[in-house]
Amino acid sequence: MSEDCIFCSIVDGEIPSRTVYEDDTVLAFLDANPLAPGHTLVIPKTHYERLNDVPAATASELYARLHELVPAVEDAADAPASTVAFNNGEAAGQEVPHVHAHVVPRTADDGGGPIHGVFGSRPDLSDDELDALADAIRDNQ
Ligand code: AMP
Ligand code: ZN
């Protein structure tokens, strides 16, 4: 529990939510300001700010619940697809500092486009730079 965290307050029942799933580790509820009908947020009950902070066991439970919820949300919204995303850190647009997955039902004509659309121009990377990045990611796990 973190003081002043709106999602911790939802976990504690101090703020109401339209809960769609709950167990000891995970809570899922409708987004209060949905991007599409059925927009659902999936969170660990314990306060972790970013994906990077979530312990492996909790991450597994979070993903397992996403696996069940994604088709349930799509079916409920009568949507053929969804965008599933984490804004992971303030620089990426995360506003609530309690890690949460967005499950946003999508249709071909909703005007949203792919997640690539949040980026402007793409970096021009040399083979050496790509090799160095791949090496660094391998080494940092
Ligand atoms: P993010 O920008 O990834 O941090 O997204 C935060 C999300 O939380 C937004 O989509 C908000 O609409 C949603 N949100 C904020 N407060 C509440 C609340 N009390 N209940 C449900 N969703 C909320
Ligand atoms: Zn919290």
# chains A, B, ... in the order shown; residues from 1 in each chain; ligands from 1
$ residues_around --residues "A:Asp4" --least-positions-apart "4" --cutoff "12 Å" --atoms "only C-alpha atoms" --output "VMD selection string"
chain A and resid 8 to 10 14 to 15 47 96 to 98
$ write_last_selection --atoms "all heavy atoms" --output "short mmCIF file (atom, residue, chain, number, x, y, z; two decimals), in the first residue's frame"
data_model
loop_
_atom_site.label_atom_id
_atom_site.label_comp_id
_atom_site.auth_asym_id
_atom_site.auth_seq_id
_atom_site.Cartn_x
_atom_site.Cartn_y
_atom_site.Cartn_z
N CYS A 8 -4.00 1.81 -5.19
CA CYS A 8 -3.97 1.18 -3.86
C CYS A 8 -5.29 1.46 -3.13
O CYS A 8 -5.80 0.58 -2.41
CB CYS A 8 -2.79 1.70 -3.03
SG CYS A 8 -1.20 1.00 -3.50
N SER A 9 -5.84 2.66 -3.30
CA SER A 9 -7.12 2.98 -2.67
C SER A 9 -8.24 2.12 -3.24
O SER A 9 -9.17 1.74 -2.52
CB SER A 9 -7.45 4.46 -2.86
OG SER A 9 -6.49 5.26 -2.24
N ILE A 10 -8.16 1.81 -4.53
CA ILE A 10 -9.15 0.90 -5.13
C ILE A 10 -8.98 -0.50 -4.55
O ILE A 10 -9.97 -1.16 -4.18
CB ILE A 10 -9.02 0.90 -6.67
CG1 ILE A 10 -9.54 2.23 -7.23
CG2 ILE A 10 -9.76 -0.28 -7.28
CD1 ILE A 10 -9.36 2.40 -8.73
N GLU A 14 -11.36 1.79 -0.73
CA GLU A 14 -11.65 3.18 -0.33
C GLU A 14 -12.23 3.98 -1.49
O GLU A 14 -12.93 4.98 -1.28
CB GLU A 14 -10.37 3.88 0.16
CG GLU A 14 -9.84 3.31 1.46
CD GLU A 14 -8.38 3.68 1.69
OE1 GLU A 14 -7.82 4.48 0.90
OE2 GLU A 14 -7.80 3.15 2.64
N ILE A 15 -11.90 3.56 -2.71
CA ILE A 15 -12.44 4.19 -3.92
C ILE A 15 -13.14 3.08 -4.70
O ILE A 15 -12.59 1.98 -4.86
CB ILE A 15 -11.31 4.82 -4.77
CG1 ILE A 15 -10.70 6.01 -4.05
CG2 ILE A 15 -11.82 5.22 -6.14
CD1 ILE A 15 -9.55 6.65 -4.78
N HIS A 47 1.63 -2.57 -4.34
CA HIS A 47 2.10 -1.38 -5.05
C HIS A 47 3.51 -1.58 -5.58
O HIS A 47 4.47 -1.67 -4.82
CB HIS A 47 2.08 -0.16 -4.12
CG HIS A 47 2.47 1.10 -4.81
ND1 HIS A 47 1.56 1.93 -5.43
CD2 HIS A 47 3.69 1.67 -5.02
CE1 HIS A 47 2.20 2.95 -5.98
NE2 HIS A 47 3.50 2.82 -5.73
N VAL A 96 -0.49 7.06 -13.52
CA VAL A 96 -0.72 6.46 -12.20
C VAL A 96 0.49 5.56 -11.89
O VAL A 96 0.74 4.58 -12.60
CB VAL A 96 -2.03 5.63 -12.18
CG1 VAL A 96 -2.20 4.96 -10.83
CG2 VAL A 96 -3.23 6.52 -12.49
N PRO A 97 1.25 5.90 -10.83
CA PRO A 97 2.51 5.18 -10.58
C PRO A 97 2.31 3.86 -9.83
O PRO A 97 2.98 3.59 -8.84
CB PRO A 97 3.32 6.19 -9.75
CG PRO A 97 2.28 6.95 -9.01
CD PRO A 97 1.07 7.05 -9.91
N HIS A 98 1.37 3.07 -10.33
CA HIS A 98 1.11 1.71 -9.81
C HIS A 98 0.93 0.87 -11.08
O HIS A 98 -0.02 1.12 -11.84
CB HIS A 98 -0.14 1.72 -8.93
CG HIS A 98 -0.50 0.41 -8.31
ND1 HIS A 98 -0.88 0.28 -6.98
CD2 HIS A 98 -0.58 -0.84 -8.83
CE1 HIS A 98 -1.16 -0.99 -6.71
NE2 HIS A 98 -1.00 -1.69 -7.82
#
$ residues_around --residues "A:His39" --least-positions-apart "3" --cutoff "9 Å" --atoms "only C-alpha atoms" --output "JSON, numbers by chain"
{"A": [29, 30, 31, 32, 33, 34, 35, 36, 73, 77, 102, 103, 104, 105]}
$ residues_around --residues "A:Glu61" --least-positions-apart "3" --cutoff "9 Å" --atoms "only C-alpha atoms" --output "count of residues only"
9
$ select_by_dssp --residues "stretch 27-110 of chain A" --states "strand (DSSP E)" --output "list in words"
Leu27, Ala28, Phe29, Leu30, Thr40, Leu41, Val42, Ile43, Pro44, Ala81, Ser82, Thr83, Val84, Ala85, Ala101, His102, Val103, Val104, Pro105 and Arg106 of chain A
$ write_last_selection --atoms "C-alpha atoms" --output "mmCIF file, in the first residue's frame"
data_model
loop_
_atom_site.group_PDB
_atom_site.id
_atom_site.type_symbol
_atom_site.label_atom_id
_atom_site.label_comp_id
_atom_site.auth_asym_id
_atom_site.auth_seq_id
_atom_site.Cartn_x
_atom_site.Cartn_y
_atom_site.Cartn_z
ATOM 1 C CA LEU A 27 -7.247 -6.992 -9.513
ATOM 2 C CA ALA A 28 -8.893 -5.976 -12.793
ATOM 3 C CA PHE A 29 -11.429 -3.192 -13.204
ATOM 4 C CA LEU A 30 -12.903 -0.945 -15.871
ATOM 5 C CA THR A 40 -9.929 -2.677 -18.609
ATOM 6 C CA LEU A 41 -6.963 -2.199 -16.272
ATOM 7 C CA VAL A 42 -5.143 -5.170 -14.740
ATOM 8 C CA ILE A 43 -2.926 -4.540 -11.700
ATOM 9 C CA PRO A 44 -0.961 -6.385 -9.043
ATOM 10 C CA ALA A 81 -8.978 -7.320 -31.475
ATOM 11 C CA SER A 82 -7.374 -5.400 -28.655
ATOM 12 C CA THR A 83 -4.356 -3.306 -27.834
ATOM 13 C CA VAL A 84 -2.668 -4.564 -24.668
ATOM 14 C CA ALA A 85 -0.099 -2.147 -23.302
ATOM 15 C CA ALA A 101 -1.877 -3.221 -18.050
ATOM 16 C CA HIS A 102 -4.366 -1.545 -20.355
ATOM 17 C CA VAL A 103 -6.626 -3.888 -22.326
ATOM 18 C CA VAL A 104 -8.338 -1.727 -24.944
ATOM 19 C CA PRO A 105 -10.840 -3.384 -27.296
ATOM 20 C CA ARG A 106 -10.171 -2.470 -30.923
#
$ atom_distance --atom1 "atom CA of A:His116" --atom2 "atom CA of A:Ala92"
13.3 Å
$ select_by_dssp --residues "stretch 27-99 of chain A" --states "helix (DSSP H, G or I)" --output "list in words"
Leu51, Asn52, Asp53, Ala56, Ala57, Thr58, Ala59, Ser60, Glu61, Leu62, Tyr63, Ala64, Arg65, Leu66, His67, Glu68, Leu69, Val70, Pro71, Ala72, Val73, Glu74, Asp75, Ala76, Ala77, Glu90, Ala91 and Ala92 of chain A
$ write_last_selection --atoms "N, CA, C and O atoms" --output "short mmCIF file (atom, residue, chain, number, x, y, z; two decimals), in the first residue's frame"
data_model
loop_
_atom_site.label_atom_id
_atom_site.label_comp_id
_atom_site.auth_asym_id
_atom_site.auth_seq_id
_atom_site.Cartn_x
_atom_site.Cartn_y
_atom_site.Cartn_z
N LEU A 51 6.83 -2.10 -14.28
CA LEU A 51 7.04 -3.52 -14.57
C LEU A 51 8.38 -3.99 -14.01
O LEU A 51 8.50 -5.10 -13.50
N ASN A 52 9.39 -3.12 -14.13
CA ASN A 52 10.74 -3.45 -13.69
C ASN A 52 10.80 -3.81 -12.21
O ASN A 52 11.74 -4.46 -11.76
N ASP A 53 9.83 -3.37 -11.43
CA ASP A 53 9.84 -3.57 -9.98
C ASP A 53 9.05 -4.81 -9.55
O ASP A 53 9.11 -5.19 -8.37
N ALA A 56 9.11 -11.78 -10.04
CA ALA A 56 8.81 -12.72 -11.12
C ALA A 56 7.51 -13.49 -10.88
O ALA A 56 6.71 -13.69 -11.81
N ALA A 57 7.28 -13.93 -9.64
CA ALA A 57 6.08 -14.73 -9.36
C ALA A 57 4.82 -13.90 -9.60
O ALA A 57 3.82 -14.39 -10.15
N THR A 58 4.85 -12.64 -9.18
CA THR A 58 3.70 -11.76 -9.39
C THR A 58 3.52 -11.46 -10.88
O THR A 58 2.39 -11.43 -11.39
N ALA A 59 4.63 -11.28 -11.58
CA ALA A 59 4.57 -11.03 -13.03
C ALA A 59 3.89 -12.21 -13.74
O ALA A 59 3.09 -12.01 -14.65
N SER A 60 4.22 -13.42 -13.30
CA SER A 60 3.60 -14.61 -13.90
C SER A 60 2.10 -14.62 -13.68
O SER A 60 1.33 -14.93 -14.60
N GLU A 61 1.69 -14.27 -12.47
CA GLU A 61 0.24 -14.27 -12.17
C GLU A 61 -0.46 -13.16 -12.95
O GLU A 61 -1.59 -13.34 -13.42
N LEU A 62 0.21 -12.03 -13.09
CA LEU A 62 -0.37 -10.93 -13.85
C LEU A 62 -0.56 -11.34 -15.31
O LEU A 62 -1.62 -11.11 -15.91
N TYR A 63 0.45 -11.98 -15.87
CA TYR A 63 0.34 -12.39 -17.27
C TYR A 63 -0.72 -13.48 -17.43
O TYR A 63 -1.50 -13.46 -18.40
N ALA A 64 -0.75 -14.41 -16.50
CA ALA A 64 -1.75 -15.48 -16.58
C ALA A 64 -3.16 -14.89 -16.58
O ALA A 64 -4.05 -15.35 -17.31
N ARG A 65 -3.38 -13.86 -15.78
CA ARG A 65 -4.72 -13.26 -15.75
C ARG A 65 -4.99 -12.46 -17.02
O ARG A 65 -6.10 -12.49 -17.55
N LEU A 66 -3.97 -11.79 -17.55
CA LEU A 66 -4.14 -11.11 -18.84
C LEU A 66 -4.56 -12.11 -19.91
O LEU A 66 -5.43 -11.83 -20.74
N HIS A 67 -3.93 -13.28 -19.86
CA HIS A 67 -4.23 -14.33 -20.85
C HIS A 67 -5.71 -14.70 -20.82
O HIS A 67 -6.31 -14.95 -21.87
N GLU A 68 -6.30 -14.71 -19.63
CA GLU A 68 -7.73 -15.02 -19.50
C GLU A 68 -8.61 -13.81 -19.82
O GLU A 68 -9.69 -13.94 -20.41
N LEU A 69 -8.15 -12.63 -19.40
CA LEU A 69 -9.00 -11.44 -19.52
C LEU A 69 -9.09 -10.89 -20.94
O LEU A 69 -10.14 -10.37 -21.33
N VAL A 70 -8.01 -11.00 -21.71
CA VAL A 70 -8.02 -10.40 -23.05
C VAL A 70 -9.18 -10.94 -23.89
O VAL A 70 -9.98 -10.14 -24.42
N PRO A 71 -9.34 -12.25 -24.02
CA PRO A 71 -10.50 -12.72 -24.81
C PRO A 71 -11.83 -12.37 -24.16
O PRO A 71 -12.82 -12.11 -24.87
N ALA A 72 -11.88 -12.35 -22.82
CA ALA A 72 -13.14 -12.02 -22.14
C ALA A 72 -13.54 -10.57 -22.42
O ALA A 72 -14.72 -10.27 -22.66
N VAL A 73 -12.56 -9.67 -22.40
CA VAL A 73 -12.84 -8.25 -22.67
C VAL A 73 -13.25 -8.07 -24.13
O VAL A 73 -14.23 -7.37 -24.43
N GLU A 74 -12.52 -8.71 -25.04
CA GLU A 74 -12.88 -8.59 -26.47
C GLU A 74 -14.30 -9.09 -26.70
O GLU A 74 -15.09 -8.44 -27.40
N ASP A 75 -14.64 -10.23 -26.12
CA ASP A 75 -15.97 -10.80 -26.33
C ASP A 75 -17.05 -9.87 -25.76
O ASP A 75 -18.09 -9.65 -26.39
N ALA A 76 -16.79 -9.34 -24.55
CA ALA A 76 -17.79 -8.47 -23.91
C ALA A 76 -18.03 -7.20 -24.72
O ALA A 76 -19.14 -6.68 -24.75
N ALA A 77 -16.96 -6.72 -25.37
CA ALA A 77 -17.07 -5.48 -26.16
C ALA A 77 -17.43 -5.77 -27.60
O ALA A 77 -17.55 -4.85 -28.40
N GLU A 90 7.14 7.23 -16.24
CA GLU A 90 6.58 8.56 -16.51
C GLU A 90 6.93 9.07 -17.91
O GLU A 90 6.09 9.65 -18.61
N ALA A 91 8.17 8.80 -18.35
CA ALA A 91 8.60 9.29 -19.67
C ALA A 91 7.81 8.64 -20.80
O ALA A 91 7.75 9.17 -21.91
N ALA A 92 7.21 7.48 -20.50
CA ALA A 92 6.39 6.78 -21.50
C ALA A 92 4.92 7.13 -21.37
O ALA A 92 4.07 6.52 -22.03
#
$ atom_distance --atom1 "atom CA of A:His100" --atom2 "atom CA of A:Asp24"
16.1 Å
$ atom_distance --atom1 "atom 4 (O, counted along the ligand's line) of ligand 1" --atom2 "atom CA of A:Leu133"
27.7 Å
$ closest_residue --among "A:Val118, A:Val99, A:Ala79, A:Ala134" --to "ligand 1" --atoms "only C-alpha atoms and all ligand atoms"
A:Val99
$ closest_residue --among "A:Gly89, A:Phe7, A:Val20, A:Glu95" --to "ligand 1" --atoms "only C-alpha atoms and all ligand atoms"
A:Glu95
